[in-house]
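Read through the structure below, which is laid out as structure tokens, and then see the notes.
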Amino acid sequence: MKRHHVVTALVTLAVPFVSLYGQGGGRGGAPVTNVPAPTSPVTGNAASGKALYSTYGCYACHGYSGETGARAFVGRWGNLATEQGFVSFLRGRANVAPLAPSTSMPSFSDTALSDKQAKDIYAYIRTFKSSAPELKDIPTLNAIVDAAKQEKK
Amino acid sequence: MAKSNKTSVGRRGFLRNAAAGAAAGAAALVSPPLVKAQAQSNGTGTPSPGTAGVPAPTQAQIDRETGNVRPPATVHTITRPGSDLMVQTIRELGIEYVAANPGSSFEGLQESFINYGNPPNRMPEFITALHEESAVTMAHGYAKAEGKPMLALLHGTIGIQHGAMSVYQAYYDRVPVLMIAGNDPDFIAAHTAHDMAGMVRSYTKWDAEPKTIDEALVAIQRAYNEAITPPMGPTLVVLGSEIQKDNAPNTKIPAYKPPVFVTIDATRAKEIAKGLVEAQNPRIAVGRLRTPEGVQRSVELAELVGASTSTAATGGPMSFPQRHHLCGPGADTTYDYTLGLEIAGAQASIIGPALAKTAATRDTVNIGFGGTVPGAGGRGGGGGRAGRGGAATAPPNEADAEASLPLIIEEVKRQLTADQKTRIQARIAKHAAANHEARVTAITQAVESKRAGWNGTPISTARIYAELWPLIMNEDWCLASPSNFSGGHHVQLWDHNKPYSYLGGQGAGGMGYGAPASVGAALAAKARNRIVVNVQTDGDLNYSPGVLWTAVHHRLPMLTVMHNNRAWHQEYMFVEYMAGVRGRGDDRAHIGSTLRDPYLDYAKMAAGYGMAGEGPITDPTKLSAALKRGVASAKRGEPYLIDVITQPR
């Protein structure tokens, strides 16, 4: 376990090195985007998919609602355009980045996760919606920007 | 050195006898005739038949072992114990606190800490730790906040080994920690060793085991100096229980000689000053300096030469203030002279040699120990020809940057002409405007990203940091907990303007660091009207929860906000990945890497240690009010814990 902590520390330590104004760091740091959710057909069972999403640890990297974590996808969607595309994506993830596993998506073989289960998960993911209010409606964040705008004496 | 007066039976001999006596007692259970023999031996110490000539313990010895009585330590009155002199030596070094979990091997020292002097128990104040690992990590956190050591006391072999992980972390973090271990060779054999420090020597900078009081006083001073001299690190003095208790009426504390820091020479200082003064667009990359005074000097130099400056303040303590008007990329990112100050960073070594480059780059000068890290030169202001990587690619001058700064500053002052000063002021104005604009742009982008999952349940880690910031931005604050597992959102949202704004990572990546390091930082904060924020990962807290009691007991201004994702979440993700590689699915990845069934209730845990708190909070709309209560409590010196159920990251 400790080895992994060190590896993680390395990854996180490296983050500020590529930042502008010391502002790098932070998982889920990409700006919120508003790519519309896919409208392709869904055949799976979302209720079943909800349980699978938890059991198979999807939330670990994608958050409980797909909005946070290392790889948020609400508002981005990416590989989630179609059900079949999603299933294919799950099958081919192993060893994408073996030296940096914390950034890698685990693979799910059909012996580990059936097509039906994968489609159920997809159906559940498709129910996700952004819970992010408009920026103007979040006083806390606006206060932070306002404070930054004040000239530092 | 005065000789101590021992009791008639040495404690080591007593233990040996006690063990034999215990064996005899066990034998009596099956051998009735031995009961009589055993009884006959009690009180006399004479050999008991049937125990191979080994005497059974006396009643007095048994009483001593069971804690019923204390044997007379001496038959003479001790007027000036060696431990008083040791404490006076420590006091004169400016040590504010000594943290310890009690142990008989330093009972002489402990008695002096709490009773010697006027007022007693001040400079240093005795801090009660519930574990040696916590005591050392408290010292680790304190040193990162204050730039100087506090003391941790360790009890014999067992205390050293309890504290070993924390020593290792401090060593990797290059943080000065002063340690004293008691050694009582006449008591429990397992608690002593011929070479006590040997257990941690490979990750301790310096150690000694003085044999006399005079040597002990010198060793304490030397250990302090070794700890604070770059490359800094933990140091250990092993003090025998005898010399702690010996009478030393005529011993004098030796005059303290501060350490000599290695600096660049005058010629080099002149060259660097010339480079900075004559450059059209100089750049200074500031890494982790030793003390707040060093930070001040880096500011002075940057202002003198009008250099745009990068900072490591979002990654650890003792660096350039992030919101200083010269901190940022500046108006022009094509830098023609770059000076790096300790840009290797204290934790560079765990990044590994593969990332280090040592090729020299013209017009780039680095001062510091421990190699270089590509990219560090651009931290806090990136971009530009030499802005990222440029400063980091030159081999460092093996010298202490902080101690070298006065030489450079004096040379700069000597070389600057009136025309140059005028030109520099104009450059500073341009840099200030550009940096301000860069900051506003960066913060605007940051808040846009932080609204993701804003109203989600569990609560996003970004919202924790975002809600905290307006509550503390006008306070004197210190974020003492590592943020690498909690999203690091402060890096983007908060302003790191003080040497102690953010104390950085664990050192060696070990768990059990956040809470005790925060307690150490809170010790530093207590007398300075400062509050400490500890965004505490749940897995980490369970290594050393006892420090919550320490925080309450000593009335420390500390707010703990749980990042409770109910897991050692990084490990969970690793296991998920491994199961994926092997095609076995992730439905069992939680085994051994999550904290569920049952969930832990950290507000109740805190209450058990006497700490005020609330939670678990799952509704994001209730977070801000809870944080307000927490900040207010911490400001009153009443530590507070808020259990927040969070998104994993």
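Please note that chains go A, B, ... in the order of the structure tokens, that every chain numbers its residues from 1, and that ligands are numbered from 1 in the order shown.
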
Practice task
Write out as a PyMOL selection string all residues of range 71-254 of chain B that backbone DSSP assigns to strand (DSSP E or B).
Solution key: chain B and resi 81+97-100+125-128+151-155+177-183+206-208+234-240+247

Keeping only C-alpha atoms, write those residues as a short mmCIF file (atom, residue, chain, number, x, y, z; two decimals), in the first residue's frame.
data_model
loop_
_atom_site.label_atom_id
_atom_site.label_comp_id
_atom_site.auth_asym_id
_atom_site.auth_seq_id
_atom_site.Cartn_x
_atom_site.Cartn_y
_atom_site.Cartn_z
CA PRO B 81 19.98 17.21 38.28
CA TYR B 97 7.42 22.53 22.66
CA VAL B 98 8.37 19.01 23.55
CA ALA B 99 5.93 16.29 22.55
CA ALA B 100 6.06 12.91 24.17
CA GLU B 125 5.90 23.31 27.08
CA PHE B 126 5.26 19.62 27.50
CA ILE B 127 2.76 18.33 24.95
CA THR B 128 1.07 15.05 25.70
CA LEU B 151 11.48 18.40 20.33
CA ALA B 152 10.06 14.90 20.45
CA LEU B 153 10.90 12.58 23.31
CA LEU B 154 11.06 8.85 22.69
CA HIS B 155 11.08 6.07 25.23
CA VAL B 177 13.17 17.58 13.95
CA LEU B 178 15.02 17.32 17.24
CA MET B 179 14.61 14.05 19.11
CA ILE B 180 15.80 12.76 22.43
CA ALA B 181 15.44 9.11 23.36
CA GLY B 182 15.76 7.95 26.92
CA ASN B 183 17.80 4.87 27.61
CA TRP B 206 22.89 12.77 12.93
CA ASP B 207 22.83 11.00 16.27
CA ALA B 208 24.85 10.68 19.45
CA PRO B 234 15.79 14.73 12.02
CA THR B 235 18.52 14.27 14.62
CA LEU B 236 18.58 12.08 17.68
CA VAL B 237 20.36 12.24 21.03
CA VAL B 238 20.14 9.19 23.25
CA LEU B 239 20.36 10.13 26.90
CA GLY B 240 20.90 7.55 29.57
CA ASN B 247 23.67 15.63 40.39
#

Exercise for the section: Dump as a VMD selection string the residues of chain B that approach chain A to within 6 Å, counting only C-alpha atoms. Expected result: chain B and resid 328 351 375 to 376 379 to 382 440 447 to 449 451 to 455 484 487 to 489 491 to 492 509 577 580 to 581 583 to 587 647 to 649

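Closest approach to Gly294 in chain B among B:Ser404, B:Leu600, B:Gly340, B:Glu209: B:Ser404, based on only C-alpha atoms.
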
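The coordinates place CA of Ala331 in chain B at 20.5 Å from CA of Asp495 in chain B.
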
Practice task
Provide the CA of Pro620 in chain B to CA of Ile459 in chain B distance in Å, to one decimal place.
Solution key: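 Those two atoms sit 5.6 Å apart.
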
Handout entry: Minimum-distance residue to Thr263 in chain B, chosen among B:Ala634, B:Val200, B:Ala401, B:Met611 (using only C-alpha atoms)
Key =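 Closest to Thr263 in chain B of all the choices is B:Ala401.
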
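Across the model, the gap from CA of Gln506 in chain B to CA of Gly615 in chain B is 26.5 Å.
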
Fewer than 3 positions away in the same chain doesn't count, so skip those; otherwise give me all residues within 8 Å of Gln415 in chain B, counting only C-alpha atoms, as a compact mmCIF listing (two decimals) with N, CA and C atoms, in the first residue's frame.
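Result saved to around.txt:
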# COMPACT_ATOMS: atom_id res chain seq x y z
N ALA B 273 24.73 38.84 -9.01
CA ALA B 273 24.17 40.19 -8.91
C ALA B 273 24.28 40.92 -10.25
N LYS B 274 25.42 40.75 -10.88
CA LYS B 274 25.62 41.40 -12.18
C LYS B 274 24.61 40.87 -13.19
N VAL B 277 21.16 42.36 -12.34
CA VAL B 277 21.08 43.82 -12.53
C VAL B 277 21.09 44.19 -14.00
N GLU B 411 25.39 42.82 -2.99
CA GLU B 411 26.05 43.08 -4.25
C GLU B 411 25.14 43.82 -5.23
N VAL B 412 23.90 43.42 -5.24
CA VAL B 412 22.93 44.10 -6.11
C VAL B 412 22.84 45.57 -5.73

Practice task
Based on DSSP run over this structure's backbone, return all residues of range 58-153 of chain A in alpha helix (DSSP H), as a PyMOL selection string.
Solution key: chain A and resi 59-62+83-91+115-125+139-149

Restrict the selected residues to N, CA and C atoms and save them as an mmCIF file, in the first residue's frame.
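Below is the file that was written, selection_33.cif:
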data_model
loop_
_atom_site.group_PDB
_atom_site.id
_atom_site.type_symbol
_atom_site.label_atom_id
_atom_site.label_comp_id
_atom_site.auth_asym_id
_atom_site.auth_seq_id
_atom_site.Cartn_x
_atom_site.Cartn_y
_atom_site.Cartn_z
ATOM 1 N N TYR A 59 -17.799 4.646 -9.630
ATOM 2 C CA TYR A 59 -17.778 5.935 -8.930
ATOM 3 C C TYR A 59 -16.368 6.327 -8.503
ATOM 4 N N ALA A 60 -15.489 5.340 -8.412
ATOM 5 C CA ALA A 60 -14.157 5.623 -7.876
ATOM 6 C C ALA A 60 -13.462 6.725 -8.665
ATOM 7 N N CYS A 61 -13.581 6.667 -9.956
ATOM 8 C CA CYS A 61 -12.911 7.673 -10.793
ATOM 9 C C CYS A 61 -13.878 8.688 -11.395
ATOM 10 N N HIS A 62 -15.149 8.337 -11.456
ATOM 11 C CA HIS A 62 -16.102 9.200 -12.150
ATOM 12 C C HIS A 62 -17.087 9.884 -11.217
ATOM 13 N N GLU A 83 -24.322 3.035 -26.927
ATOM 14 C CA GLU A 83 -24.277 1.883 -26.031
ATOM 15 C C GLU A 83 -23.194 0.900 -26.479
ATOM 16 N N GLN A 84 -23.186 0.580 -27.774
ATOM 17 C CA GLN A 84 -22.220 -0.393 -28.261
ATOM 18 C C GLN A 84 -20.795 0.142 -28.174
ATOM 19 N N GLY A 85 -20.659 1.422 -28.433
ATOM 20 C CA GLY A 85 -19.341 2.039 -28.301
ATOM 21 C C GLY A 85 -18.836 1.957 -26.866
ATOM 22 N N PHE A 86 -19.732 2.149 -25.939
ATOM 23 C CA PHE A 86 -19.371 2.062 -24.519
ATOM 24 C C PHE A 86 -18.914 0.646 -24.161
ATOM 25 N N VAL A 87 -19.660 -0.347 -24.639
ATOM 26 C CA VAL A 87 -19.293 -1.742 -24.337
ATOM 27 C C VAL A 87 -17.925 -2.061 -24.931
ATOM 28 N N SER A 88 -17.704 -1.644 -26.139
ATOM 29 C CA SER A 88 -16.404 -1.889 -26.774
ATOM 30 C C SER A 88 -15.285 -1.189 -26.003
ATOM 31 N N PHE A 89 -15.581 -0.002 -25.560
ATOM 32 C CA PHE A 89 -14.596 0.765 -24.780
ATOM 33 C C PHE A 89 -14.202 0.007 -23.513
ATOM 34 N N LEU A 90 -15.183 -0.546 -22.829
ATOM 35 C CA LEU A 90 -14.895 -1.278 -21.591
ATOM 36 C C LEU A 90 -13.981 -2.468 -21.822
ATOM 37 N N ARG A 91 -14.132 -3.096 -22.967
ATOM 38 C CA ARG A 91 -13.377 -4.334 -23.210
ATOM 39 C C ARG A 91 -11.894 -4.079 -23.481
ATOM 40 N N ASP A 115 -22.297 -8.326 -21.410
ATOM 41 C CA ASP A 115 -22.817 -7.255 -22.255
ATOM 42 C C ASP A 115 -24.069 -6.652 -21.637
ATOM 43 N N LYS A 116 -24.911 -7.507 -21.082
ATOM 44 C CA LYS A 116 -26.143 -6.993 -20.476
ATOM 45 C C LYS A 116 -25.817 -6.070 -19.302
ATOM 46 N N GLN A 117 -24.897 -6.508 -18.477
ATOM 47 C CA GLN A 117 -24.518 -5.666 -17.332
ATOM 48 C C GLN A 117 -23.927 -4.340 -17.809
ATOM 49 N N ALA A 118 -23.090 -4.422 -18.799
ATOM 50 C CA ALA A 118 -22.485 -3.201 -19.329
ATOM 51 C C ALA A 118 -23.562 -2.258 -19.869
ATOM 52 N N LYS A 119 -24.542 -2.815 -20.536
ATOM 53 C CA LYS A 119 -25.615 -1.983 -21.074
ATOM 54 C C LYS A 119 -26.475 -1.405 -19.957
ATOM 55 N N ASP A 120 -26.631 -2.166 -18.885
ATOM 56 C CA ASP A 120 -27.365 -1.632 -17.734
ATOM 57 C C ASP A 120 -26.617 -0.440 -17.122
ATOM 58 N N ILE A 121 -25.310 -0.593 -17.004
ATOM 59 C CA ILE A 121 -24.510 0.530 -16.481
ATOM 60 C C ILE A 121 -24.643 1.740 -17.396
ATOM 61 N N TYR A 122 -24.599 1.478 -18.679
ATOM 62 C CA TYR A 122 -24.731 2.575 -19.641
ATOM 63 C C TYR A 122 -26.080 3.281 -19.470
ATOM 64 N N ALA A 123 -27.096 2.472 -19.276
ATOM 65 C CA ALA A 123 -28.430 3.067 -19.093
ATOM 66 C C ALA A 123 -28.460 3.957 -17.860
ATOM 67 N N TYR A 124 -27.791 3.520 -16.813
ATOM 68 C CA TYR A 124 -27.762 4.340 -15.601
ATOM 69 C C TYR A 124 -26.957 5.625 -15.828
ATOM 70 N N ILE A 125 -25.825 5.485 -16.480
ATOM 71 C CA ILE A 125 -24.998 6.667 -16.750
ATOM 72 C C ILE A 125 -25.778 7.705 -17.557
ATOM 73 N N PRO A 139 -22.799 32.119 -5.116
ATOM 74 C CA PRO A 139 -22.157 33.293 -4.495
ATOM 75 C C PRO A 139 -20.745 33.007 -3.993
ATOM 76 N N THR A 140 -20.540 31.825 -3.489
ATOM 77 C CA THR A 140 -19.208 31.513 -2.956
ATOM 78 C C THR A 140 -18.130 31.665 -4.021
ATOM 79 N N LEU A 141 -18.384 31.089 -5.173
ATOM 80 C CA LEU A 141 -17.376 31.140 -6.238
ATOM 81 C C LEU A 141 -17.226 32.558 -6.779
ATOM 82 N N ASN A 142 -18.318 33.271 -6.841
ATOM 83 C CA ASN A 142 -18.221 34.666 -7.283
ATOM 84 C C ASN A 142 -17.424 35.510 -6.299
ATOM 85 N N ALA A 143 -17.586 35.199 -5.029
ATOM 86 C CA ALA A 143 -16.829 35.945 -4.015
ATOM 87 C C ALA A 143 -15.336 35.687 -4.169
ATOM 88 N N ILE A 144 -15.004 34.476 -4.548
ATOM 89 C CA ILE A 144 -13.584 34.145 -4.742
ATOM 90 C C ILE A 144 -13.001 34.932 -5.912
ATOM 91 N N VAL A 145 -13.753 35.008 -6.981
ATOM 92 C CA VAL A 145 -13.276 35.767 -8.146
ATOM 93 C C VAL A 145 -13.171 37.247 -7.798
ATOM 94 N N ASP A 146 -14.168 37.753 -7.104
ATOM 95 C CA ASP A 146 -14.150 39.173 -6.739
ATOM 96 C C ASP A 146 -12.939 39.499 -5.871
ATOM 97 N N ALA A 147 -12.644 38.603 -4.960
ATOM 98 C CA ALA A 147 -11.497 38.850 -4.083
ATOM 99 C C ALA A 147 -10.207 38.863 -4.882
ATOM 100 N N ALA A 148 -10.136 37.974 -5.864
ATOM 101 C CA ALA A 148 -8.922 37.926 -6.683
ATOM 102 C C ALA A 148 -8.772 39.170 -7.537
ATOM 103 N N LYS A 149 -9.883 39.747 -7.914
ATOM 104 C CA LYS A 149 -9.831 40.933 -8.768
ATOM 105 C C LYS A 149 -9.333 42.163 -8.015
#
